[in-house]
file coords_4.cif (mmCIF, C-alpha atoms and all ligand atoms)
data_work
loop_
_atom_site.label_atom_id
_atom_site.label_comp_id
_atom_site.auth_asym_id
_atom_site.auth_seq_id
_atom_site.Cartn_x
_atom_site.Cartn_y
_atom_site.Cartn_z
CA MET A 1 133.07 33.30 66.14
CA PRO A 2 129.68 34.75 67.23
CA SER A 3 129.68 36.45 70.68
CA ALA A 4 126.97 36.01 73.37
CA SER A 5 125.11 38.92 71.76
CA GLY A 6 125.10 37.06 68.45
CA ARG A 7 127.43 39.62 66.82
CA GLN A 8 130.42 38.34 64.88
CA GLU A 9 133.64 39.02 66.89
CA ASP A 10 136.46 40.46 64.81
CA ALA A 11 139.60 38.77 66.08
CA THR A 12 141.83 41.08 64.04
CA LYS A 13 140.48 44.26 65.69
CA PRO A 14 143.19 44.62 68.41
CA LEU A 15 145.91 43.96 65.85
CA ARG A 16 144.48 46.53 63.44
CA LYS A 17 144.40 49.06 66.29
CA ILE A 18 148.12 48.51 66.98
CA VAL A 19 148.96 48.83 63.27
CA ARG A 20 146.94 52.08 63.02
CA ALA A 21 148.67 53.55 66.09
CA ALA A 22 152.12 52.64 64.71
CA SER A 23 151.25 54.19 61.36
CA ALA A 24 150.02 57.39 63.08
CA ARG A 25 153.34 57.59 65.00
CA ARG A 26 155.33 57.13 61.78
CA HIS A 27 153.20 59.79 60.09
CA ARG A 28 153.78 62.23 62.93
CA ARG A 29 157.55 61.68 62.86
CA ARG A 30 157.49 62.36 59.10
CA GLN A 31 155.44 65.52 59.65
CA LEU A 32 157.90 66.78 62.29
CA ARG A 33 160.84 66.21 59.92
CA THR A 34 158.94 68.09 57.20
CA ILE A 35 158.25 71.03 59.53
CA ALA A 36 161.93 71.21 60.47
CA ALA A 37 162.90 71.20 56.77
CA ASN A 38 160.23 73.80 55.85
CA ALA A 39 161.49 76.14 58.55
CA THR A 40 164.77 76.50 56.66
CA LEU A 41 163.13 77.27 53.30
CA PRO A 42 162.47 80.83 52.11
CA GLY A 43 158.87 81.91 52.64
CA PRO A 44 156.81 85.04 53.21
CA PRO A 45 157.70 87.27 56.17
CA ARG A 46 155.83 86.72 59.43
CA VAL A 47 152.62 88.63 59.92
CA GLU A 48 151.02 89.07 63.32
CA PRO A 49 147.27 89.33 63.88
CA THR A 50 146.02 92.56 65.43
CA TRP A 51 145.67 91.39 69.00
CA PRO A 52 144.23 92.37 71.38
CA LEU A 53 141.55 93.95 69.22
CA PRO A 54 141.45 97.73 69.26
CA ARG A 55 138.38 99.52 70.67
CA ALA A 56 136.47 102.42 69.19
CA PRO A 57 136.69 105.55 71.38
CA ARG A 58 132.96 105.75 71.99
CA GLY A 59 132.28 102.01 71.85
CA PRO A 60 130.83 99.82 74.62
CA GLY A 61 132.58 99.90 78.01
CA ASP A 62 134.19 96.90 79.77
CA ALA A 63 131.06 95.95 81.73
CA ASP A 64 128.86 96.30 78.63
CA ILE A 65 131.16 93.98 76.65
CA THR A 66 131.22 91.32 79.37
CA ARG A 67 127.45 91.51 79.81
CA ALA A 68 126.72 91.43 76.07
CA PHE A 69 128.84 88.32 75.45
CA GLY A 70 127.64 86.73 78.69
CA LYS A 71 124.18 86.22 77.27
CA PHE A 72 125.47 83.79 74.63
CA PRO A 73 125.74 80.16 75.78
CA GLU A 74 128.56 79.51 73.28
CA LEU A 75 131.58 81.48 72.10
CA HIS A 76 134.18 80.14 69.62
CA TYR A 77 137.00 82.70 69.97
CA ALA A 78 138.66 83.88 73.17
CA TYR A 79 138.44 87.56 72.23
CA LYS A 80 140.80 90.01 73.86
CA PHE A 81 140.13 93.70 73.64
CA GLU A 82 142.41 96.62 74.42
CA GLY A 83 142.10 97.72 78.01
CA GLY A 84 142.26 94.15 79.34
CA VAL A 85 138.79 92.75 78.62
CA SER A 86 139.16 89.11 77.64
CA LEU A 87 136.64 86.34 77.06
CA THR A 88 136.87 82.57 77.13
CA THR A 89 135.63 80.04 74.60
CA ARG A 90 132.65 77.92 75.58
CA TYR A 91 130.51 75.31 73.86
CA ARG A 92 127.34 73.34 74.55
CA THR A 93 129.51 70.25 74.35
CA ASP A 94 132.52 69.75 76.61
CA ALA A 95 134.82 70.80 73.74
CA VAL A 96 137.84 72.92 74.57
CA THR A 97 139.85 74.98 72.10
CA HIS A 98 143.12 76.68 72.90
CA PRO A 99 142.68 80.48 73.09
CA ASP A 100 145.68 80.96 70.74
CA ARG A 101 144.27 78.69 68.05
CA PRO A 102 143.01 81.43 65.69
CA LEU A 103 146.26 83.38 66.18
CA GLN A 104 148.34 80.30 65.27
CA ARG A 105 146.19 79.71 62.19
CA PHE A 106 146.53 83.38 61.20
CA ARG A 107 150.36 83.16 61.40
CA HIS A 108 150.23 79.96 59.36
CA PHE A 109 148.30 80.99 56.24
CA MET A 110 147.79 84.77 56.21
CA PRO A 111 151.45 85.56 55.33
CA TRP A 112 151.03 83.59 52.06
CA LEU A 113 147.99 85.63 51.08
CA LEU A 114 149.58 88.91 52.11
CA ARG A 115 152.72 88.19 50.11
CA GLU A 116 150.50 88.00 47.00
CA THR A 117 148.63 91.20 47.86
CA GLY A 118 151.68 93.34 48.70
CA GLY A 119 151.55 93.02 52.49
CA THR A 120 148.13 94.60 52.91
CA LEU A 121 144.49 94.08 51.91
CA LYS A 122 144.14 97.78 51.04
CA GLY A 123 141.40 98.30 48.48
CA LYS A 124 140.32 94.65 48.51
CA ARG A 125 136.77 93.37 48.77
CA VAL A 126 136.86 90.31 51.04
CA LEU A 127 134.33 87.55 51.61
CA ASP A 128 134.49 85.52 54.85
CA ILE A 129 132.45 82.33 54.35
CA ALA A 130 131.02 80.80 57.55
CA CYS A 131 132.40 83.74 59.50
CA ASN A 132 131.30 82.55 62.96
CA SER A 133 131.63 85.60 65.24
CA GLY A 134 133.78 87.49 62.75
CA PHE A 135 137.37 86.91 63.88
CA TRP A 136 138.69 86.69 60.29
CA SER A 137 136.48 89.46 58.89
CA ILE A 138 137.66 91.85 61.59
CA GLN A 139 141.32 90.91 61.01
CA CYS A 140 140.91 91.54 57.27
CA ALA A 141 139.33 94.94 57.90
CA LEU A 142 142.25 95.78 60.20
CA LEU A 143 144.60 94.72 57.39
CA GLY A 144 143.10 97.51 55.29
CA ALA A 145 140.35 95.76 53.28
CA ALA A 146 138.02 98.27 51.64
CA GLU A 147 134.96 96.14 52.31
CA VAL A 148 134.39 92.86 54.13
CA VAL A 149 131.28 90.70 53.99
CA GLY A 150 130.94 87.78 56.39
CA PHE A 151 128.11 85.30 56.54
CA ASP A 152 127.20 82.36 58.72
CA ALA A 153 124.21 80.07 58.92
CA ARG A 154 123.74 80.63 62.66
CA PRO A 155 121.90 83.87 63.57
CA GLU A 156 123.43 84.05 67.07
CA LEU A 157 126.90 84.12 65.48
CA VAL A 158 125.93 86.98 63.20
CA GLU A 159 124.74 88.77 66.33
CA GLN A 160 128.09 88.11 68.03
CA ALA A 161 129.97 89.27 64.94
CA ASN A 162 128.03 92.55 64.94
CA LEU A 163 128.89 92.95 68.60
CA VAL A 164 132.63 92.54 67.92
CA LYS A 165 132.31 94.98 65.01
CA SER A 166 130.65 97.59 67.25
CA ILE A 167 133.41 97.24 69.86
CA VAL A 168 136.21 97.64 67.31
CA GLY A 169 134.26 100.37 65.51
CA LEU A 170 134.36 99.34 61.87
CA ASP A 171 131.91 100.59 59.28
CA ASN A 172 133.20 98.70 56.24
CA VAL A 173 132.30 95.23 57.56
CA ARG A 174 128.87 93.65 57.07
CA PHE A 175 127.59 90.39 58.52
CA GLN A 176 124.55 88.44 57.43
CA GLN A 177 122.86 85.15 58.05
CA MET A 178 122.98 82.84 55.06
CA ASP A 179 123.58 79.18 54.28
CA PHE A 180 126.68 78.21 52.30
CA TRP A 181 124.60 76.86 49.42
CA GLU A 182 122.72 80.16 49.05
CA MET A 183 125.97 82.01 48.36
CA SER A 184 126.08 83.73 44.98
CA PRO A 185 127.51 86.97 43.54
CA SER A 186 123.98 88.32 43.10
CA ARG A 187 123.13 87.75 46.79
CA LEU A 188 126.37 89.29 48.02
CA GLY A 189 126.71 92.36 45.80
CA GLY A 190 129.11 90.87 43.26
CA VAL A 191 132.33 88.92 43.37
CA PHE A 192 135.26 89.44 45.77
CA ASP A 193 138.99 89.99 45.37
CA VAL A 194 139.72 87.65 48.27
CA VAL A 195 137.55 84.81 49.55
CA LEU A 196 138.19 83.04 52.85
CA ASN A 197 136.94 79.46 52.89
CA LEU A 198 138.08 78.61 56.41
CA GLY A 199 136.83 75.79 58.56
CA ILE A 200 133.73 75.04 56.49
CA LEU A 201 134.51 72.52 53.71
CA TYR A 202 134.42 69.54 56.10
CA HIS A 203 131.01 70.55 57.41
CA LEU A 204 129.49 70.12 53.95
CA PRO A 205 128.41 67.07 51.95
CA LYS A 206 129.82 68.02 48.52
CA PRO A 207 133.44 69.23 48.53
CA LEU A 208 133.88 69.59 44.76
CA GLU A 209 130.66 71.61 44.37
CA ALA A 210 131.59 73.66 47.45
CA LEU A 211 134.97 74.54 45.94
CA GLU A 212 133.36 75.34 42.61
CA LEU A 213 130.91 77.72 44.30
CA THR A 214 133.76 79.30 46.28
CA LYS A 215 135.70 79.84 43.06
CA ALA A 216 132.66 81.51 41.48
CA MET A 217 132.76 84.11 44.29
CA ALA A 218 136.44 85.02 43.84
CA MET A 219 138.44 87.14 41.40
CA GLU A 220 141.99 86.97 42.76
CA HIS A 221 142.64 84.73 45.75
CA ILE A 222 141.00 82.08 47.89
CA VAL A 223 142.39 80.90 51.21
CA LEU A 224 141.23 77.36 51.92
CA ASP A 225 141.73 75.90 55.38
CA THR A 226 140.09 72.59 56.17
CA VAL A 227 140.14 69.32 58.02
CA ILE A 228 141.44 66.64 55.68
CA CYS A 229 141.76 62.88 55.72
CA ALA A 230 145.40 62.24 56.65
CA GLU A 231 145.76 59.18 54.37
CA ARG A 232 147.98 59.18 51.29
CA GLY A 233 146.42 59.06 47.83
CA ALA A 234 143.36 60.71 46.34
CA LEU A 235 140.63 59.59 48.73
CA ILE A 236 137.57 60.96 50.45
CA ARG A 237 136.53 59.77 53.89
CA VAL A 238 132.82 60.03 54.59
CA GLY A 239 131.44 60.97 58.00
CA TRP A 240 128.24 61.96 59.68
CA GLU A 241 127.95 65.23 61.56
CA GLU A 242 125.38 66.39 64.10
CA PRO A 243 124.95 70.10 64.87
CA GLU A 244 126.43 69.56 68.33
CA ASP A 245 127.80 73.03 68.93
CA ILE A 246 128.45 76.34 67.16
CA ARG A 247 131.48 74.97 65.32
CA ALA A 248 129.55 72.25 63.54
CA ALA A 249 127.30 71.80 60.52
CA VAL A 250 123.92 73.47 60.93
CA SER A 251 121.94 70.31 60.28
CA PRO A 252 122.68 66.59 60.64
CA GLY A 253 124.06 64.91 57.57
CA ILE A 254 126.90 63.45 55.55
CA VAL A 255 130.20 65.31 55.54
CA MET A 256 133.34 64.61 53.51
CA TYR A 257 137.03 64.72 54.33
CA PRO A 258 139.16 64.66 51.17
CA THR A 259 142.88 63.89 51.40
CA ARG A 260 145.42 66.52 50.40
CA ARG A 261 145.87 64.81 47.04
CA ALA A 262 142.08 64.72 46.49
CA ILE A 263 141.87 68.47 47.11
CA ASP A 264 144.74 69.09 44.68
CA LEU A 265 142.85 67.08 42.03
CA MET A 266 139.62 68.98 42.70
CA LEU A 267 141.42 72.29 42.24
CA LYS A 268 142.97 70.98 39.03
CA HIS A 269 139.56 69.80 37.84
CA LEU A 270 138.12 73.27 38.51
CA GLY A 271 140.78 74.81 36.28
CA VAL A 272 142.44 76.81 39.03
CA PRO A 273 145.53 78.36 37.39
CA LYS A 274 147.73 78.32 40.50
CA PHE A 275 147.47 76.86 43.94
CA GLN A 276 149.95 76.44 46.71
CA PHE A 277 149.82 74.10 49.67
CA VAL A 278 150.73 76.18 52.72
CA PRO A 279 153.67 74.43 54.37
CA LEU A 280 153.85 74.06 58.13
CA ARG A 281 156.87 76.03 59.28
CA THR A 282 156.49 75.80 63.04
CA ARG A 283 155.27 73.40 65.70
CA ASP A 284 153.43 76.25 67.34
CA MET A 285 150.20 75.13 65.67
CA PRO A 286 147.09 73.19 66.71
CA GLU A 287 147.92 69.47 66.93
CA VAL A 288 145.50 68.57 64.13
CA TYR A 289 147.75 70.39 61.60
CA ILE A 290 150.87 68.70 62.98
CA ASP A 291 149.16 65.31 62.70
CA GLY A 292 148.26 65.99 59.06
CA GLY A 293 144.52 66.15 59.78
CA ARG A 294 144.12 69.77 58.74
CA ALA A 295 145.76 71.89 56.05
CA SER A 296 145.59 75.13 54.10
CA TRP A 297 145.96 76.24 50.50
CA LEU A 298 146.40 79.60 48.81
CA ILE A 299 144.52 79.50 45.53
CA SER A 300 145.27 82.18 42.94
CA LEU A 301 142.90 82.81 40.09
CA ARG A 302 145.11 84.95 37.86
C1 LIG B 1 134.57 75.42 62.57
S1 LIG B 1 133.65 76.89 62.43
C2 LIG B 1 134.77 77.85 61.44
C3 LIG B 1 134.69 79.32 61.72
C4 LIG B 1 135.69 80.16 60.96
N1 LIG B 1 135.40 80.19 59.55
C5 LIG B 1 137.10 79.68 61.22
O1 LIG B 1 137.67 79.02 60.35
O2 LIG B 1 137.65 79.97 62.29
C6 LIG B 1 132.40 76.44 61.25
C7 LIG B 1 131.40 77.53 60.99
O3 LIG B 1 130.61 77.16 59.88
C8 LIG B 1 129.28 77.54 60.12
N2 LIG B 1 128.45 76.72 59.24
C9 LIG B 1 128.24 75.38 59.32
N3 LIG B 1 127.48 74.97 58.30
C10 LIG B 1 127.19 76.06 57.56
C11 LIG B 1 126.46 76.28 56.35
N4 LIG B 1 125.84 75.27 55.72
N5 LIG B 1 126.40 77.53 55.87
C12 LIG B 1 127.01 78.55 56.50
N6 LIG B 1 127.70 78.41 57.64
C13 LIG B 1 127.82 77.18 58.16
C14 LIG B 1 129.10 77.32 61.61
O4 LIG B 1 127.99 78.00 62.12
C15 LIG B 1 130.44 77.80 62.15
O5 LIG B 1 130.42 79.15 62.43
#

call {"tool": "encode", "arguments": {"input": "coords_4.cif", "output": "structure tokens", "more": "lines below"}}
Ligand SMILES: C[S@@+](CC[C@H](N)C(=O)[O-])C[C@H]1O[C@@H](n2cnc3c(N)ncnc32)[C@H](O)[C@@H]1O
result
Amino acid sequence: MPSASGRQEDATKPLRKIVRAASARRHRRRQLRTIAANATLPGPPRVEPTWPLPRAPRGPGDADITRAFGKFPELHYAYKFEGGVSLTTRYRTDAVTHPDRPLQRFRHFMPWLLRETGGTLKGKRVLDIACNSGFWSIQCALLGAAEVVGFDARPELVEQANLVKSIVGLDNVRFQQMDFWEMSPSRLGGVFDVVLNLGILYHLPKPLEALELTKAMAMEHIVLDTVICAERGALIRVGWEEPEDIRAAVSPGIVMYPTRRAIDLMLKHLGVPKFQFVPLRTRDMPEVYIDGGRASWLISLR
């Protein structure tokens, strides 16, 4: 029946809301049972991130670090540096992220990569796509990578990443500003042993093409970590994203959230020889993973 505003009222809306909430609760209970079961299965040994980050002997002092980061209105990682300097995340929006979030994610998927590479990234050339302020690039360098290249579309994040690099004192890490769709072996000095595609797929409009481009950059392994649609079946949910803060897409537009099954099919379609869904083994993870709205894969190309 039309409302006073002339819009058609949907009498089933409250009911659908209850059904959705019940289904989300069932899904969560299933996820928790799966986590408990996964915890008993054999898996790679735990690996801890290097935290707090070490500091180069002649690097910037405490006050310089605080001042240098203070000039940025937004900061995505709550960096901690040796000697007790620690920073807090901040965004233009009222978003809040837990300071341990990147550490939890590291403990979740990095052990699966490191098991394949013999416990270290020694000698590896690593690409960190959409590197933000360089958390993952720096961790990879500290894991022994021979060379790390990180890029992000936002120039202020490349500036932050260079700041972190100067504090830690690494000369085998390079950051540059670039859009995802400009990525190519010729622009980045060749292909990479390991490619990190973390937290970027769901900010892009074309997931299959994005995975294809990622694959073209990699020789051995890709780590994929992304928001997914938590439904069952091979589906893609479509959304719209505004560049609200430094975590988001750089320009307004359509974004896609494939389900887990849809990502598996995309990897199959791309002829990936081996890929492994990274199982959740602990509840000490951001809620979005527990609720099935985010997941990770280790993709092996040989
Ligand atoms: C959610 S953050 C993820 C950061 C990091 N990779 C991680 O997983 O912790 C998304 C990042 O993607 C970057 N980004 C968004 N759209 C991009 C694009 N088209 N090309 C390159 N970077 C982009 C943002 O600036 C931001 O740093």

call {"tool": "residues_near_ligand", "arguments": {"input": "coords_4.cif", "ligand": "ligand LIG 1 (chain B)", "cutoff": "6 Å", "atoms": "all atoms listed in the file", "output": "JSON, numbers by chain"}}
result
{"A": [130, 131, 132, 152, 153, 154, 179, 180, 198, 199, 200, 203, 246, 247, 248, 249, 250]}

call {"tool": "closest_residue", "arguments": {"input": "coords_4.cif", "among": "A:His221, A:His76, A:Arg16, A:Arg46", "to": "A:Thr117", "atoms": "all atoms listed in the file"}}
result
A:His221

call {"tool": "atom_distance", "arguments": {"input": "coords_4.cif", "atom1": "atom CA of A:Pro252", "atom2": "atom CA of A:Val96"}}
result
21.5 Å

call {"tool": "closest_atom_pairs", "arguments": {"input": "coords_4.cif", "of": "stretch 165-200 of chain A", "to": "stretch 60-73 of chain A", "cutoff": "12 Å", "atoms": "all atoms listed in the file", "output": "tab-separated table"}}
result
residue	atom	partner	partner_atom	distance
A:Lys165	CA	A:Pro60	CA	10.9
A:Ser166	CA	A:Pro60	CA	7.7
A:Ile167	CA	A:Pro60	CA	6.0
A:Val168	CA	A:Pro60	CA	9.3
A:Gly169	CA	A:Pro60	CA	9.7

call {"tool": "write_last_selection", "arguments": {"input": "coords_4.cif", "atoms": "C-alpha atoms", "output": "CSV table (one decimal), in the frame of the given file"}}
result
chain,number,residue,atom,x,y,z
A,165,LYS,CA,132.3,95.0,65.0
A,166,SER,CA,130.6,97.6,67.2
A,167,ILE,CA,133.4,97.2,69.9
A,168,VAL,CA,136.2,97.6,67.3
A,169,GLY,CA,134.3,100.4,65.5

call {"tool": "residues_around", "arguments": {"input": "coords_4.cif", "residues": "A:Leu213", "least_positions_apart": "5", "cutoff": "9 Å", "atoms": "only C-alpha atoms", "output": "PyMOL selection string"}}
result
chain A and resi 181+183-184+208

call {"tool": "residues_near_point", "arguments": {"input": "coords_4.cif", "point": "(148.0, 78.0, 64.6)", "cutoff": "9 Å", "atoms": "all atoms listed in the file", "output": "ChimeraX atom specification"}}
result
/A:100-109,282-287,289

call {"tool": "atom_distance", "arguments": {"input": "coords_4.cif", "atom1": "atom CA of A:Val149", "atom2": "atom CA of A:Arg174"}}
result
4.9 Å

call {"tool": "residues_around", "arguments": {"input": "coords_4.cif", "residues": "A:Met110", "least_positions_apart": "3", "cutoff": "10 Å", "atoms": "all atoms listed in the file", "output": "PyMOL selection string"}}
result
chain A and resi 44+46-49+105-107+113-115+119+140+223+278+298

call {"tool": "closest_atom_pairs", "arguments": {"input": "coords_4.cif", "of": "stretch 252-281 of chain A", "to": "stretch 237-244 of chain A", "cutoff": "12 Å", "atoms": "only C-alpha atoms", "output": "tab-separated table"}}
result
residue	atom	partner	partner_atom	distance
A:Pro252	CA	A:Glu242	CA	4.4
A:Gly253	CA	A:Trp240	CA	5.5
A:Ile254	CA	A:Trp240	CA	4.6
A:Val255	CA	A:Gly239	CA	5.1
A:Met256	CA	A:Val238	CA	4.7
A:Tyr257	CA	A:Arg237	CA	5.0
A:Pro258	CA	A:Arg237	CA	6.2
A:Thr259	CA	A:Arg237	CA	8.0
A:Arg260	CA	A:Arg237	CA	11.7
A:Ala262	CA	A:Arg237	CA	10.5

call {"tool": "atom_distance", "arguments": {"input": "coords_4.cif", "atom1": "atom CA of A:Gln176", "atom2": "atom CA of A:Met266"}}
result
28.7 Å

call {"tool": "build_atoms", "arguments": {"input": "coords_4.cif", "residues": "stretch 82-110 of chain A", "atoms": "N, CA and C atoms", "output": "mmCIF file, keeping the file's coordinate frame"}}
result
data_model
loop_
_atom_site.group_PDB
_atom_site.id
_atom_site.type_symbol
_atom_site.label_atom_id
_atom_site.label_comp_id
_atom_site.auth_asym_id
_atom_site.auth_seq_id
_atom_site.Cartn_x
_atom_site.Cartn_y
_atom_site.Cartn_z
ATOM 1 N N GLU A 82 141.525 95.657 73.753
ATOM 2 C CA GLU A 82 142.410 96.620 74.420
ATOM 3 C C GLU A 82 141.795 97.041 75.748
ATOM 4 N N GLY A 83 142.629 97.306 76.716
ATOM 5 C CA GLY A 83 142.100 97.720 78.010
ATOM 6 C C GLY A 83 141.932 96.537 78.948
ATOM 7 N N GLY A 84 142.221 95.312 78.449
ATOM 8 C CA GLY A 84 142.260 94.150 79.340
ATOM 9 C C GLY A 84 141.015 93.295 79.392
ATOM 10 N N VAL A 85 139.983 93.620 78.599
ATOM 11 C CA VAL A 85 138.790 92.750 78.620
ATOM 12 C C VAL A 85 139.095 91.493 77.808
ATOM 13 N N SER A 86 138.950 90.333 78.418
ATOM 14 C CA SER A 86 139.160 89.110 77.640
ATOM 15 C C SER A 86 138.063 88.104 77.955
ATOM 16 N N LEU A 87 137.754 87.294 76.965
ATOM 17 C CA LEU A 87 136.640 86.340 77.060
ATOM 18 C C LEU A 87 137.188 84.931 76.905
ATOM 19 N N THR A 88 136.411 83.950 77.305
ATOM 20 C CA THR A 88 136.870 82.570 77.130
ATOM 21 C C THR A 88 135.907 81.809 76.220
ATOM 22 N N THR A 89 136.464 80.830 75.502
ATOM 23 C CA THR A 89 135.630 80.040 74.600
ATOM 24 C C THR A 89 134.703 79.147 75.438
ATOM 25 N N ARG A 90 133.546 78.870 74.913
ATOM 26 C CA ARG A 90 132.650 77.920 75.580
ATOM 27 C C ARG A 90 131.695 77.326 74.549
ATOM 28 N N TYR A 91 131.364 76.057 74.787
ATOM 29 C CA TYR A 91 130.510 75.310 73.860
ATOM 30 C C TYR A 91 129.456 74.549 74.643
ATOM 31 N N ARG A 92 128.380 74.196 73.941
ATOM 32 C CA ARG A 92 127.340 73.340 74.550
ATOM 33 C C ARG A 92 127.921 71.992 74.926
ATOM 34 N N THR A 93 128.835 71.525 74.078
ATOM 35 C CA THR A 93 129.510 70.250 74.350
ATOM 36 C C THR A 93 130.649 70.534 75.322
ATOM 37 N N ASP A 94 131.397 69.489 75.709
ATOM 38 C CA ASP A 94 132.520 69.750 76.610
ATOM 39 C C ASP A 94 133.813 70.028 75.834
ATOM 40 N N ALA A 95 133.654 70.491 74.579
ATOM 41 C CA ALA A 95 134.820 70.800 73.740
ATOM 42 C C ALA A 95 135.648 71.923 74.366
ATOM 43 N N VAL A 96 136.944 71.858 74.104
ATOM 44 C CA VAL A 96 137.840 72.920 74.570
ATOM 45 C C VAL A 96 138.715 73.302 73.383
ATOM 46 N N THR A 97 138.856 74.600 73.116
ATOM 47 C CA THR A 97 139.850 74.980 72.100
ATOM 48 C C THR A 97 140.839 75.929 72.751
ATOM 49 N N HIS A 98 142.076 75.831 72.331
ATOM 50 C CA HIS A 98 143.120 76.680 72.900
ATOM 51 C C HIS A 98 142.842 78.138 72.496
ATOM 52 N N PRO A 99 142.973 79.080 73.428
ATOM 53 C CA PRO A 99 142.680 80.480 73.090
ATOM 54 C C PRO A 99 143.557 81.030 71.960
ATOM 55 N N ASP A 100 144.775 80.451 71.784
ATOM 56 C CA ASP A 100 145.680 80.960 70.740
ATOM 57 C C ASP A 100 145.411 80.354 69.368
ATOM 58 N N ARG A 101 144.488 79.426 69.298
ATOM 59 C CA ARG A 101 144.270 78.690 68.050
ATOM 60 C C ARG A 101 144.069 79.594 66.812
ATOM 61 N N PRO A 102 143.168 80.584 66.874
ATOM 62 C CA PRO A 102 143.010 81.430 65.690
ATOM 63 C C PRO A 102 144.263 82.253 65.377
ATOM 64 N N LEU A 103 145.032 82.597 66.401
ATOM 65 C CA LEU A 103 146.260 83.380 66.180
ATOM 66 C C LEU A 103 147.309 82.508 65.492
ATOM 67 N N GLN A 104 147.392 81.239 65.906
ATOM 68 C CA GLN A 104 148.340 80.300 65.270
ATOM 69 C C GLN A 104 147.948 80.089 63.803
ATOM 70 N N ARG A 105 146.658 79.927 63.574
ATOM 71 C CA ARG A 105 146.190 79.710 62.190
ATOM 72 C C ARG A 105 146.481 80.942 61.345
ATOM 73 N N PHE A 106 146.252 82.122 61.913
ATOM 74 C CA PHE A 106 146.530 83.380 61.200
ATOM 75 C C PHE A 106 147.997 83.400 60.763
ATOM 76 N N ARG A 107 148.909 83.103 61.709
ATOM 77 C CA ARG A 107 150.360 83.160 61.400
ATOM 78 C C ARG A 107 150.743 82.107 60.376
ATOM 79 N N HIS A 108 149.944 81.053 60.299
ATOM 80 C CA HIS A 108 150.230 79.960 59.360
ATOM 81 C C HIS A 108 149.901 80.346 57.919
ATOM 82 N N PHE A 109 148.652 80.796 57.652
ATOM 83 C CA PHE A 109 148.300 80.990 56.240
ATOM 84 C C PHE A 109 148.202 82.450 55.787
ATOM 85 N N MET A 110 147.978 83.400 56.693
ATOM 86 C CA MET A 110 147.790 84.770 56.210
ATOM 87 C C MET A 110 149.043 85.361 55.549
#
